[in-house]
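K.L.:
Data file structure07.cif (mmCIF, C-alpha atoms and all ligand atoms) is appended below.
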data_data
#
loop_
_atom_site.label_atom_id
_atom_site.label_comp_id
_atom_site.auth_asym_id
_atom_site.auth_seq_id
_atom_site.Cartn_x
_atom_site.Cartn_y
_atom_site.Cartn_z
CA MET A 726 5.23 27.40 3.39
CA ASP A 727 1.68 28.52 2.60
CA PHE A 728 -0.75 26.47 0.54
CA ASP A 729 -0.40 28.47 -2.69
CA HIS A 730 3.38 27.95 -2.79
CA VAL A 731 3.01 24.26 -1.99
CA TRP A 732 0.38 23.81 -4.72
CA GLU A 733 2.68 25.53 -7.22
CA SER A 734 5.53 23.24 -6.16
CA VAL A 735 3.58 20.06 -7.02
CA SER A 736 2.59 21.28 -10.49
CA ASP A 737 5.33 19.17 -12.10
CA ILE A 738 4.52 15.99 -10.14
CA PRO A 739 2.21 13.79 -12.23
CA GLY A 740 -0.83 12.50 -10.38
CA TRP A 741 -4.55 12.81 -9.85
CA LEU A 742 -5.35 15.68 -7.51
CA THR A 743 -7.11 18.97 -8.21
CA GLU A 744 -6.33 22.21 -6.42
CA GLY A 745 -9.63 22.01 -4.52
CA GLN A 746 -8.79 18.47 -3.40
CA ALA A 747 -5.30 19.55 -2.35
CA ARG A 748 -6.92 22.29 -0.24
CA THR A 749 -9.16 19.67 1.39
CA LEU A 750 -6.10 17.55 2.29
CA TRP A 751 -4.26 20.61 3.54
CA ALA A 752 -7.18 21.73 5.74
CA ALA A 753 -7.65 18.24 7.21
CA VAL A 754 -4.00 18.10 8.30
CA GLN A 755 -4.18 21.64 9.68
CA ARG A 756 -6.91 20.46 12.08
CA LEU A 757 -4.50 17.96 13.68
CA GLU A 758 -2.51 18.48 16.89
CA PRO A 759 1.32 18.60 17.06
CA GLY A 760 2.72 15.07 17.15
CA ALA A 761 -0.15 13.67 15.05
CA THR A 762 0.32 11.14 12.25
CA VAL A 763 -1.30 11.01 8.81
CA LEU A 764 -1.49 7.68 6.98
CA GLU A 765 -1.83 7.77 3.19
CA ILE A 766 -2.61 4.65 1.14
CA GLY A 767 -1.60 5.21 -2.52
CA SER A 768 1.11 7.84 -3.00
CA HIS A 769 2.26 7.26 -6.60
CA GLN A 770 4.88 9.94 -7.38
CA GLY A 771 4.05 11.95 -4.27
CA ARG A 772 1.72 14.67 -5.55
CA SER A 773 -0.68 14.29 -2.62
CA THR A 774 2.11 13.24 -0.22
CA VAL A 775 3.95 16.53 -0.73
CA ILE A 776 0.74 18.45 0.10
CA LEU A 777 0.18 16.30 3.21
CA GLY A 778 3.87 16.55 4.16
CA HIS A 779 4.08 20.35 4.01
CA ALA A 780 0.77 20.68 5.91
CA ALA A 781 2.09 18.20 8.48
CA ARG A 782 5.30 20.16 8.93
CA GLU A 783 3.23 23.31 9.58
CA VAL A 784 1.44 21.64 12.53
CA GLY A 785 4.29 19.43 13.77
CA ALA A 786 2.79 16.19 12.42
CA THR A 787 4.28 13.40 10.29
CA VAL A 788 3.08 11.31 7.32
CA ILE A 789 3.29 7.57 6.65
CA ALA A 790 2.96 6.85 2.92
CA VAL A 791 1.93 3.29 1.99
CA ASP A 792 2.35 2.22 -1.63
CA ALA A 793 3.05 -1.08 -3.35
CA PHE A 794 4.33 0.70 -6.51
CA VAL A 795 2.38 -1.68 -8.68
CA ASP A 796 3.41 -2.28 -12.28
CA GLY A 797 1.27 -1.19 -15.19
CA ARG A 798 0.55 1.53 -17.71
CA LEU A 799 -0.96 3.95 -15.18
CA PHE A 800 1.27 3.49 -12.15
CA GLY A 801 4.66 2.59 -13.63
CA GLY A 802 6.02 0.06 -11.11
CA ALA A 803 9.39 0.16 -9.34
CA SER A 804 10.69 3.29 -11.08
CA THR A 805 7.74 5.18 -9.53
CA LYS A 806 9.31 4.54 -6.11
CA ASP A 807 12.44 6.40 -7.30
CA ARG A 808 10.27 9.29 -8.58
CA PHE A 809 8.43 9.35 -5.23
CA GLU A 810 11.67 9.46 -3.22
CA GLU A 811 13.14 12.16 -5.50
CA ASN A 812 10.00 14.30 -5.14
CA ILE A 813 9.94 13.96 -1.35
CA ALA A 814 13.65 14.85 -1.16
CA LYS A 815 13.21 17.80 -3.54
CA ALA A 816 10.37 19.07 -1.33
CA GLY A 817 12.66 18.82 1.72
CA LEU A 818 10.27 16.40 3.43
CA THR A 819 12.43 13.35 4.12
CA ASP A 820 12.20 14.02 7.86
CA VAL A 821 8.39 14.32 7.73
CA VAL A 822 7.41 11.51 5.33
CA GLU A 823 8.05 7.83 6.03
CA LEU A 824 7.56 5.44 3.12
CA VAL A 825 6.22 1.94 3.75
CA VAL A 826 6.37 -0.18 0.60
CA GLY A 827 3.75 -2.91 0.38
CA TYR A 828 0.18 -3.81 -0.44
CA SER A 829 -2.25 -2.16 1.98
CA THR A 830 -4.30 -5.35 2.27
CA LYS A 831 -1.20 -7.36 3.23
CA LEU A 832 0.12 -4.77 5.68
CA ARG A 833 -3.20 -4.07 7.45
CA PRO A 834 -3.64 -7.28 9.49
CA GLY A 835 -0.24 -6.86 11.19
CA TRP A 836 -0.36 -3.06 11.56
CA ASP A 837 -0.21 -1.81 15.17
CA ARG A 838 0.61 1.92 14.89
CA ALA A 839 -2.04 4.52 15.68
CA PHE A 840 -2.60 7.50 13.39
CA ASP A 841 -4.92 10.50 13.36
CA LEU A 842 -5.98 11.00 9.74
CA LEU A 843 -6.45 8.40 7.01
CA TYR A 844 -6.25 9.19 3.28
CA VAL A 845 -7.30 6.34 0.96
CA ASP A 846 -6.21 6.50 -2.70
CA GLY A 847 -4.87 3.01 -3.41
CA LYS A 848 -6.43 0.25 -5.48
CA HIS A 849 -9.98 1.15 -6.44
CA ASP A 850 -11.75 -2.21 -6.56
CA TYR A 851 -14.54 -2.89 -4.04
CA TRP A 852 -12.58 -5.48 -2.02
CA THR A 853 -9.36 -3.49 -1.63
CA TYR A 854 -11.18 -0.25 -0.88
CA THR A 855 -13.44 -1.76 1.77
CA ASP A 856 -10.38 -3.44 3.30
CA ASP A 857 -8.57 -0.08 3.24
CA LEU A 858 -11.46 1.45 5.19
CA ARG A 859 -10.63 -1.06 7.93
CA TRP A 860 -7.35 0.81 8.57
CA SER A 861 -9.68 3.29 10.32
CA ALA A 862 -9.53 0.93 13.34
CA HIS A 863 -6.29 2.80 14.19
CA LEU A 864 -7.93 6.26 14.21
CA PRO A 865 -9.14 8.01 17.36
CA PRO A 866 -12.92 8.29 17.92
CA ASP A 867 -14.33 10.89 15.51
CA GLY A 868 -11.18 10.53 13.34
CA GLU A 869 -11.37 11.75 9.76
CA ILE A 870 -11.08 9.61 6.62
CA LEU A 871 -10.50 11.10 3.17
CA VAL A 872 -11.26 8.99 0.11
CA HIS A 873 -10.22 9.85 -3.45
CA ASP A 874 -12.25 8.70 -6.48
CA CYS A 875 -15.37 8.37 -4.38
CA PHE A 876 -18.48 8.67 -6.58
CA SER A 877 -16.24 8.38 -9.67
CA SER A 878 -14.68 4.89 -9.43
CA ILE A 879 -17.30 2.13 -9.58
CA GLY A 880 -15.50 -0.06 -6.98
CA VAL A 881 -15.00 2.80 -4.52
CA THR A 882 -18.58 3.97 -4.94
CA LEU A 883 -20.03 0.47 -4.43
CA GLY A 884 -17.86 0.18 -1.30
CA THR A 885 -19.12 3.56 -0.09
CA ILE A 886 -22.73 2.50 -0.69
CA ALA A 887 -22.15 -0.70 1.31
CA LYS A 888 -20.07 0.72 4.17
CA VAL A 889 -21.22 4.34 4.45
CA LEU A 890 -24.76 4.55 3.03
CA PHE A 891 -25.81 1.21 4.58
CA GLY A 892 -23.10 0.88 7.25
CA SER A 893 -22.96 2.17 10.81
CA ARG A 894 -19.32 3.31 11.32
CA PHE A 895 -18.80 6.19 8.88
CA THR A 896 -20.59 9.52 8.48
CA TYR A 897 -20.28 11.34 5.15
CA LEU A 898 -19.29 14.99 5.60
CA ASP A 899 -18.72 16.54 2.15
CA ARG A 900 -16.56 16.24 -0.97
CA SER A 901 -14.35 18.20 -3.36
CA ARG A 902 -15.24 16.56 -6.66
CA SER A 903 -14.30 12.89 -6.01
CA LEU A 904 -12.44 13.52 -2.74
CA ALA A 905 -14.93 12.63 -0.01
CA ARG A 906 -14.58 13.27 3.69
CA PHE A 907 -15.98 10.85 6.26
CA LYS A 908 -15.66 10.75 10.01
CA LEU A 909 -15.81 7.84 12.37
CA ALA A 910 -19.32 8.24 13.76
CA LYS A 911 -22.66 6.46 13.46
CA PRO A 912 -24.63 8.15 10.67
CA GLY A 913 -28.18 9.42 11.04
CA ALA A 914 -30.90 9.29 8.38
CA ALA A 915 -29.98 12.75 7.06
CA ASP A 916 -26.31 11.70 6.71
CA ARG A 917 -27.34 8.64 4.70
CA LEU A 918 -29.56 10.79 2.48
CA ARG A 919 -26.59 13.05 1.74
CA VAL A 920 -24.62 10.00 0.52
CA ALA A 921 -27.53 8.99 -1.72
CA ALA A 922 -27.68 12.56 -3.05
CA GLN A 923 -24.18 12.11 -4.56
CA LEU A 924 -25.28 9.19 -6.74
CA PRO A 925 -26.53 11.29 -9.69
CA TRP A 926 -23.02 12.81 -9.91
CA PHE A 927 -21.67 9.23 -9.89
CA ALA A 928 -24.04 8.29 -12.75
CA GLY A 929 -22.71 11.25 -14.77
CA ASN A 930 -19.14 10.09 -14.16
CA VAL A 931 -19.97 6.54 -15.30
CA PHE A 932 -21.46 8.01 -18.49
CA ILE A 933 -18.20 9.91 -19.16
CA LYS A 934 -16.17 6.76 -18.46
CA VAL A 935 -18.24 4.82 -21.01
CA LEU A 936 -17.59 7.55 -23.60
CA LEU A 937 -13.85 7.40 -22.86
CA ARG A 938 -13.82 3.57 -23.17
CA LEU A 939 -15.57 3.97 -26.55
CA ARG A 940 -12.78 6.43 -27.51
CA LEU A 941 -15.34 9.23 -27.79
CA ARG A 942 -13.21 11.91 -26.11
CA VAL A 943 -14.67 14.58 -28.35
CA VAL A 944 -18.18 13.70 -27.20
CA ALA A 945 -17.01 13.66 -23.55
CA GLY A 946 -15.73 17.19 -24.23
CA TRP A 947 -19.26 18.27 -25.22
CA PHE A 948 -20.29 17.25 -21.69
CA GLY A 949 -17.49 19.31 -20.14
CA HIS A 950 -14.94 16.52 -19.61
CA HIS A 951 -11.48 17.24 -20.98
CA GLY A 952 -8.36 15.06 -20.98
CA PRO A 953 -7.71 11.33 -21.26
CA TYR A 954 -8.32 10.35 -17.63
CA ASP A 955 -11.54 9.26 -15.97
CA PRO A 956 -13.25 12.01 -13.95
CA PHE A 957 -11.69 12.54 -10.53
C1 LIG B 1001 -4.24 6.80 -7.92
S1 LIG B 1001 -2.61 6.46 -7.48
C2 LIG B 1001 -2.32 7.51 -6.11
C3 LIG B 1001 -2.22 8.94 -6.51
C4 LIG B 1001 -1.62 9.87 -5.49
N1 LIG B 1001 -2.38 9.90 -4.26
C5 LIG B 1001 -1.48 11.25 -6.09
O1 LIG B 1001 -1.99 12.23 -5.55
O2 LIG B 1001 -0.86 11.37 -7.16
C6 LIG B 1001 -2.76 4.89 -6.73
C7 LIG B 1001 -1.48 4.36 -6.12
O3 LIG B 1001 -1.86 3.24 -5.31
C8 LIG B 1001 -0.89 2.24 -5.42
N2 LIG B 1001 -1.56 0.98 -5.09
C9 LIG B 1001 -2.41 0.26 -5.85
N3 LIG B 1001 -2.86 -0.80 -5.17
C10 LIG B 1001 -2.29 -0.73 -3.93
C11 LIG B 1001 -2.37 -1.52 -2.76
N4 LIG B 1001 -3.17 -2.60 -2.71
N5 LIG B 1001 -1.65 -1.17 -1.69
C12 LIG B 1001 -0.85 -0.07 -1.72
N6 LIG B 1001 -0.74 0.73 -2.80
C13 LIG B 1001 -1.46 0.40 -3.88
C14 LIG B 1001 -0.36 2.33 -6.84
O4 LIG B 1001 0.96 1.81 -6.90
C15 LIG B 1001 -0.46 3.83 -7.10
O5 LIG B 1001 0.78 4.45 -6.85
#
Do you think you could lay out the structure here as structure tokens?
Ligand SMILES: C[S@@+](CC[C@H](N)C(=O)[O-])C[C@H]1O[C@@H](n2cnc3c(N)ncnc32)[C@H](O)[C@@H]1O

P.N.:
Amino acid sequence: MDFDHVWESVSDIPGWLTEGQARTLWAAVQRLEPGATVLEIGSHQGRSTVILGHAAREVGATVIAVDAFVDGRLFGGASTKDRFEENIAKAGLTDVVELVVGYSTKLRPGWDRAFDLLYVDGKHDYWTYTDDLRWSAHLPPDGEILVHDCFSSIGVTLGTIAKVLFGSRFTYLDRSRSLARFKLAKPGAADRLRVAAQLPWFAGNVFIKVLLRLRLRVVAGWFGHHGPYDPF
């Protein structure tokens, strides 16, 4: 299936992923070799997983989806697991996508399976996100890491400042709105500057989030932000 048909097929799966971001996921999987594995942290109802799964099928790869299906207003808890499984089955991807239910931070210390591409979209606090980056120990040298809500979530952005701007393991490549791409490589000064150059966009997102918390959606609309969700 080509990208446009796959994107159309996820239109009724609730989630947080723009078309541009879906294209970034699709392209990253298309760069993999047959037999490769993608590991996704944070799958929710499967909007991104279906994109990854169809792209993986195209290249002969597979996807491991890790989600704890946490309770709460946004994520919906145990019934979300049923939605996820229904959506994967409806997409015909049960032979491509393996679901691992659990908290990423609890699973990581005992994990011993290699993979070739890491997509991080789980819990967005600093501690969980920086722990999720440690799953990259299972990537090959130069492996790619995709991070959603980068430069939009405060926790993810603080983690990126600590581990990418001031760290020595990850090089920032580019982003589609809040979906950033990193690779496992020591960054140079110019790479670090490119991370710093994203911070004004982050400041704008924090401003919108403050407006939304103050229930000033109309004012957020004046600044080009529409809808109830934080910018992503
Ligand atoms: C933002 S949603 C993921 C959205 C999804 N990628 C999409 O495209 O629709 C975050 C997901 O991460 C899961 N989650 C939150 N904390 C987690 C953790 N520590 N480990 C694994 N999953 C977690 C939630 O249950 C939720 O389904």

K.L.:
Ligand LIG 1001 (chain B): which residues are within 7 Å, counting only C-alpha atoms and all ligand atoms? Reply as a ChimeraX atom specification.

P.N.:
/A:739-742,766-774,791-795,800,802,827-830,846-848,853

K.L.:
Do a neighbour search on Arg894 in chain A at 9 Å with all atoms listed in the file, toss out local chain neighbours closer than 4 positions, and write the hits as a ChimeraX atom specification.

P.N.:
/A:888-889,908-912

K.L.:
Could you tell me, as a PDB file with C-alpha atoms, in the frame of the given file, which residues have any atom at most 6 Å from (-19.9, 14.0, -4.4), counting all atoms listed in the file?

P.N.:
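Dumped to point20.pdb:
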ATOM      1  CA  PHE A 876     -18.480   8.670  -6.580  1.00  0.00           C
ATOM      2  CA  ARG A 900     -16.560  16.240  -0.970  1.00  0.00           C
ATOM      3  CA  ARG A 902     -15.240  16.560  -6.660  1.00  0.00           C
ATOM      4  CA  SER A 903     -14.300  12.890  -6.010  1.00  0.00           C
ATOM      5  CA  GLN A 923     -24.180  12.110  -4.560  1.00  0.00           C
TER       6      GLN A 923
END

K.L.:
Taking into account only C-alpha atoms, which residue in the set A:Thr749, A:Thr805, A:Thr819, A:Ser861 is nearest to Asp837 in chain A?

P.N.:
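When distances to Asp837 in chain A are compared using only C-alpha atoms, the smallest one comes from A:Ser861.
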
K.L.:
Of the candidates A:Phe957, A:Leu941, A:Leu890, A:Gly884, which one gets nearest to Glu744 in chain A if we count only C-alpha atoms?

P.N.:
A:Phe957

K.L.:
Quick one: residues within 9 Å of Gln755 in chain A, all atoms listed in the file, excluding same-chain residues fewer than 3 positions away - as a VMD selection string?

P.N.:
chain A and resid 750 to 752 758 780 to 781 783 to 784

K.L.:
From the set A:Glu810, A:Glu823, A:Asp857, A:Asp796, which residue has the shortest atom-to-atom contact distance to Val763 in chain A, counting all atoms listed in the file?

P.N.:
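Under the stated criterion, the closest residue is A:Glu823.
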
K.L.:
Which polymer residues have any atom within 12 Å of an atom of Ala945 in chain A, counting all atoms listed in the file, with same-chain residues fewer than 4 positions away left out, as JSON, numbers by chain?

P.N.:
{"A": [929, 930, 931, 932, 933, 934, 935, 936, 937, 938, 939, 940, 941, 949, 950, 951, 952, 953, 954, 955, 956]}

K.L.:
Please build the interface table for range 786-853 of chain A against range 733-736 of chain A with a cut-off of 12 Å, listing for each qualifying residue the nearest atom pair and the distance in Å to one decimal; count only C-alpha atoms, order rows by chain and increasing number, and write it as JSON lines.

P.N.:
{"residue": "A:Phe809", "atom": "CA", "partner": "A:Val735", "partner_atom": "CA", "distance": 11.9}
{"residue": "A:Asn812", "atom": "CA", "partner": "A:Val735", "partner_atom": "CA", "distance": 8.8}
{"residue": "A:Ile813", "atom": "CA", "partner": "A:Val735", "partner_atom": "CA", "distance": 10.5}
{"residue": "A:Lys815", "atom": "CA", "partner": "A:Ser734", "partner_atom": "CA", "distance": 9.8}
{"residue": "A:Ala816", "atom": "CA", "partner": "A:Ser734", "partner_atom": "CA", "distance": 8.0}
{"residue": "A:Gly817", "atom": "CA", "partner": "A:Ser734", "partner_atom": "CA", "distance": 11.5}

K.L.:
Which is closer to Thr896 in chain A than all the others in A:Leu918, A:Leu799, A:Leu924, A:Val731, using all atoms listed in the file?

P.N.:
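The answer is A:Leu918, which sits nearest to Thr896 in chain A.
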
K.L.:
Tell me, as an NGL selection string, which residues lie within 9 Å of Ala761 in chain A, counting all atoms listed in the file; anything in the same chain fewer than 5 positions away does not count.

P.N.:
:A and (754 or 781 or 784-788 or 840-842)

K.L.:
Tell me which of A:Trp836, A:Leu764, A:Leu757, A:Gly778 sits closest to Val821 in chain A, counting all atoms listed in the file.

P.N.:
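Of the candidates, the smallest distance to Val821 in chain A is held by A:Gly778.
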
K.L.:
Suppose you want the space between CA of Ala790 in chain A and CA of Arg838 in chain A; what is it in Å?

P.N.:
13.2 Å

K.L.:
Please, what distance in Å, to one decimal, runs between CA of Ser878 in chain A and CA of Glu811 in chain A?

P.N.:
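Separating CA of Ser878 in chain A from CA of Glu811 in chain A is a distance of 29.0 Å.
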
K.L.:
When distances are computed from all atoms listed in the file, which of A:Ile879, A:Leu864, A:Val943, A:Leu777 shows the smallest separation from Asp850 in chain A?

P.N.:
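The closest residue to Asp850 in chain A is A:Ile879.
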
K.L.:
Work out how far CA of Trp926 in chain A is from CA of Phe948 in chain A, in Å to one decimal.

P.N.:
12.9 Å
